[in-house]
Structure formats: structure tokens, C-alpha cells
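Here's the structure, in C-alpha cells; my notes come after.
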Amino acid sequence: MNVSRTRLALLIGLAGVLLLVLVVVSPMVLISMPSFLSEGRTSIDCADTAQVQEASDSATADIPAEYLELYKEHGEKIGVQWNILAAVGKRETDHGRSKLPGVRSGTNYAGAAGPMQFLISTWGGKARVPVSSTFNGYASDGDGDGIGDVYNPADAILGAAKMLKRNGAPENVRQALFVYNRAWWYVDQVEEIARKYARSGDVKVPPQAEEECDDSLVEAAPSDVVAKIMEFALAQRGKPYLWGGTGPDAFDCSGVIFAAYRSAGLTIPRTTFLQWPFGVKVLAGQEQPGDLVFFNAGPGTSADSPGHVGLVVSKGKMLEARCRLCGPIKVTSYEARGNRVGFTRPLQNPDVLEQLKKLQNPAR
């Protein structure tokens with residue numbers, strides 16, 4: 001009997017200790033989620049627009065100074081994460097230090113060349129391309145000599161930044177890396193290297209590209225109507241591009257905007273070519289969420305007849321369905337994008353103003 005009472009007392013004491021631990025630890029768990037539950041990601045600051053990564057000690061020790069400067073310079077210029085660029089350079093040729101064929105001259109067994117291992121066909125058809133000539137590829141002049149040289153680190157890194165940007169970076173890094181080298185094991189390896197190169201141990205993406213920041217974008221909308229438009233548009237992120245698509249499963253650039261306005265009870269033209277003259281022109285710098293931003297891109301387009309459009313969701317950011325090979329619908333930057341034609345505000349079109357009046361006074 002005494003033994004049983006002793007055991008009972010021990011059990012009660014142990015239960016009390018466990019309860020005390022739970023009381024103390026539970027708030028800590030809620031405040032700071034362990035990395036194994038948050039997939040190793042740090043919390044997102046939705047107001048952080050810079051998202052600049054500081055190089056880790058591992059990065060400065062492993063990356064040649066010239067290459068590190070080029071990764072940072074061209075990453076910032078094009079708008080992709082420098083540590084992703086650096087990780088590609090490490091995985092491909094150890095930042096140009098590899099002695100394998102194709103790094104300094106010729107090509108490897110797969111036809112790739114240079115420190116960033118471009119296929120010659122993807123670069124521009126030949127190893128050295130005058131950038132003033134007409135060519136199809138990512139040949140770039142990173143050192144200002146007028147030649148896109150696939151073996152020149154400055155040129156190759158700039159070209160790689162453009163290719164990653166074209167295919168989804170900085171928002172959809174994994175998609176961009178998969179297009180760079182179509183193997184998911186490659187994507188995993190590059191991301192692992194990139195995390196080691198960043199002092200934060202992370203690969204940051206623009207905060208507006210994260211669904212966690214959608215609420216703040218919608219709350220900042222200048223009106224309830226714009227909030228409805230943005231809420232619908234942001235919900236389409238991740239869906240595929242489809243030329244002529246108006247949903248619900250896929251969209252093209254003007255189709256997702258047409259559908260977003262329709263979700264708010266408004267009718268605007270369906271195509272980019274008709275949306276451009278429809279809205280009231282807005283000066284650069286005065287655009288606001290709900291406005292449209294246009295680009296001279298695509299066959300048969302011009303500065304007076306732009307062929308691509310995005311929906312402004314915050315200053316410098318737009319939601320767009322870009323192209324079939326450009327990844328899914330996403331939020332991205334329009335400030336660094338070339339061939340930008342201008343902004344319009346469909347909500348100021350006289351027809352839309354009449355529609356708004358009817359929505360506000362449905363009985364009339």
C-alpha cells in the first residue's frame with residue numbers, strides 16, 4: 001500500500017511538471033514556429049520591398065570577388081536573387097573554375113558553353129554575338145564592349161539573369177530554375193547552394209508575391225470596387241497561361257483582367273488592343289491599384305498598339321499572365337521591365353462610370 005501511494009505521488013508530481021512545461025513552452029511555440037514546421041522559412045515582412053540578401057561567410061569564401069560583384073550587380077539590375085544566380089554559377093562550373101570542356105572554349109557533350117553553361121542555340125546561335133545585331137537568344141553585353149560573349153563572365157551572368165527573369169524569377173524561382181535545366185534534382189541542389197550563400201539561410205521572394213501578403217494589398221486598395229477586382233485577380237495566381245483564356249482554369253494577360261473587372265460587376269474590353277485606348281491615360285508615378293500597365297510585346301504590336309498588359313496591385317508591382325513558357329500567373333515587378341508603354345485607369349472611362357452609378361443605385 002505504501003508503495004502504491006509513493007507511486008501515486010510520483011505520478012502526480014510528474015504530471016504537475018509536464019503541465020508547467022506546457023504552460024511555459026506553448027506561447028514560445030506559437031510565437032516562434034520551429035524551422036521544421038515552417039519548412040525552414042523565415043517570417044515574411046510584407047512591407048519589405050528591398051529583400052536584399054547579405055552574403056554569408058561561406059559565399060565570400062567560396063565565390064571569387066569578381067564573380068560575386070557580377071552576381072550582385074546583374075541580379076539587382078534585372079531583378080532576380082543574386083544568390084540564385086551565384087548558385088547556378090557554382091553548380092554549373094564552380095564560378096568558371098572548372099577545367100571541363102566548354103567552360104572556357106568549345107562546348108561540353110551537351111552543347112553547353114561558358115561559365116553559366118548556355119546552349120549556343122539559346123545564347124544566340126554563336127558564341128560571340130554583336131548585341132546590336134538581330135538574334136534570338138539571351139546573348140548579353142555585361143561589360144559594355146558591344147559583344148555578347150558566352151565565355152565572358154559579365155556577359156554570361158547577365159544573360160543568365162535575363163533567362164531566369166523571363167521564366168519566373170524572382171517570384172517563382174523553382175519554375176525558372178527548372179527551365180534553366182529541366183531536372184528537379186538540379187532545382188533542389190541550386191536552392192540548397194543559394195541558401196548557404198545567404199546570411200539569412202533563405203531564398204527571399206518579393207513579399208507581394210506571397211499569399212500571406214494578399215490581405216495587405218487588398219486592404220490598401222483605394223476603393224471597395226478595386227478591392228473586389230484585386231481579390232479576384234490575386235486568387236488566380238498559380239493558374240496557367242492560355243492564349244485567349246478567360247477562365248476559370250486558365251487565362252491570358254487581358255483575359256484575367258477582363259474577368260477580374262467582371263467579378264466586380266464591371267464590363268471592360270476583352271483584349272489588350274482594346275483595353276489600351278479604353279482607359280484614361282495615367283502618368284507614370286501616379287498609377288494606383290486597379291490601373292493597367294501596358295507593354296510593347298508580342299507579334300504585331302507597337303508603342304501605339306501594345307500587346308501585353310498587367311494589373312497594378314501596388315506601386316511597382318503587377319499581376320500578370322505573361323506567356324505559356326513564362327510560368328503561371330503571378331505578381332511581379334513592372335519597374336525594371338523593358339518596353340513599357342504606359343498606364344491607364346479603366347475606372348475613369350465614361351461607360352464604366354455609368355456602370356458604377358448603376359451598381360451604387362440598382363433601383364434606378
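Letters A, B, ... mark the chains of the C-alpha cells in the order given; residue numbers begin at 1 per chain; ligand numbers begin at 1, in order shown.
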Residues of region 54-77 of chain A within 9 Å of region 90-99 of chain A: nearest atom pair and distance (Å, one decimal) for each, counting only C-alpha atoms, sorted by chain and number, as a Markdown table?
```
| residue | atom | partner | partner_atom | distance |
| --- | --- | --- | --- | --- |
| A:Ile63 | CA | A:His95 | CA | 6.9 |
| A:Pro64 | CA | A:His95 | CA | 7.4 |
| A:Tyr67 | CA | A:His95 | CA | 7.0 |
```
Shell around region 284-300 of chain A at 10 Å using only C-alpha atoms, local window under 6 positions removed, as a ChimeraX atom specification: /A:217-218,220-223,225-230,254,257,260-261,272-273,275-276,306-320,323,334,337-348
Selection: 9 Å around Ser200 (chain A), only C-alpha atoms, excl. self and same-chain fewer than 6 positions, as number ranges by chain: A: 42, 53-56
Any chance you could export the current selection's all heavy atoms as a compact mmCIF listing (two decimals), in the first residue's frame?
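Final output, part-v6.txt:
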```txt
# COMPACT_ATOMS: atom_id res chain seq x y z
N THR A 42 11.82 31.94 -43.00
CA THR A 42 11.61 32.97 -42.00
C THR A 42 10.29 33.65 -42.27
O THR A 42 9.73 33.54 -43.36
CB THR A 42 12.75 34.00 -42.07
OG1 THR A 42 12.84 34.52 -43.40
CG2 THR A 42 14.07 33.35 -41.71
N GLN A 53 19.62 40.30 -50.00
CA GLN A 53 20.28 39.28 -49.21
C GLN A 53 21.73 39.68 -48.95
O GLN A 53 22.45 40.09 -49.85
CB GLN A 53 20.26 37.95 -49.96
CG GLN A 53 18.87 37.33 -50.06
CD GLN A 53 18.52 36.57 -48.80
OE1 GLN A 53 18.90 36.95 -47.71
NE2 GLN A 53 17.80 35.48 -48.95
N GLU A 54 22.16 39.53 -47.71
CA GLU A 54 23.55 39.76 -47.36
C GLU A 54 24.32 38.46 -47.56
O GLU A 54 23.84 37.38 -47.21
CB GLU A 54 23.66 40.22 -45.91
CG GLU A 54 25.06 40.60 -45.49
CD GLU A 54 25.13 41.09 -44.06
OE1 GLU A 54 24.04 41.27 -43.45
OE2 GLU A 54 26.24 41.27 -43.54
N ALA A 55 25.50 38.55 -48.14
CA ALA A 55 26.30 37.36 -48.41
C ALA A 55 26.80 36.74 -47.11
O ALA A 55 27.23 37.44 -46.19
CB ALA A 55 27.48 37.71 -49.31
N SER A 56 26.76 35.43 -47.05
CA SER A 56 27.25 34.70 -45.88
C SER A 56 28.77 34.59 -45.95
O SER A 56 29.40 34.88 -46.98
CB SER A 56 26.64 33.30 -45.84
OG SER A 56 27.11 32.53 -46.95
```
Distance of CA of Pro170 (chain A) from CA of Glu335 (chain A), expressed in Å to one decimal place: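 Taking CA of Glu335 (chain A) as the start and CA of Pro170 (chain A) as the end point, the length is 13.6 Å.
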Using only C-alpha atoms: which of A:Ile193, A:Leu177, A:Val331, A:Leu274 has the shortest distance to Ser305 (chain A):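 Selected residue with least distance to Ser305 (chain A): A:Leu274.
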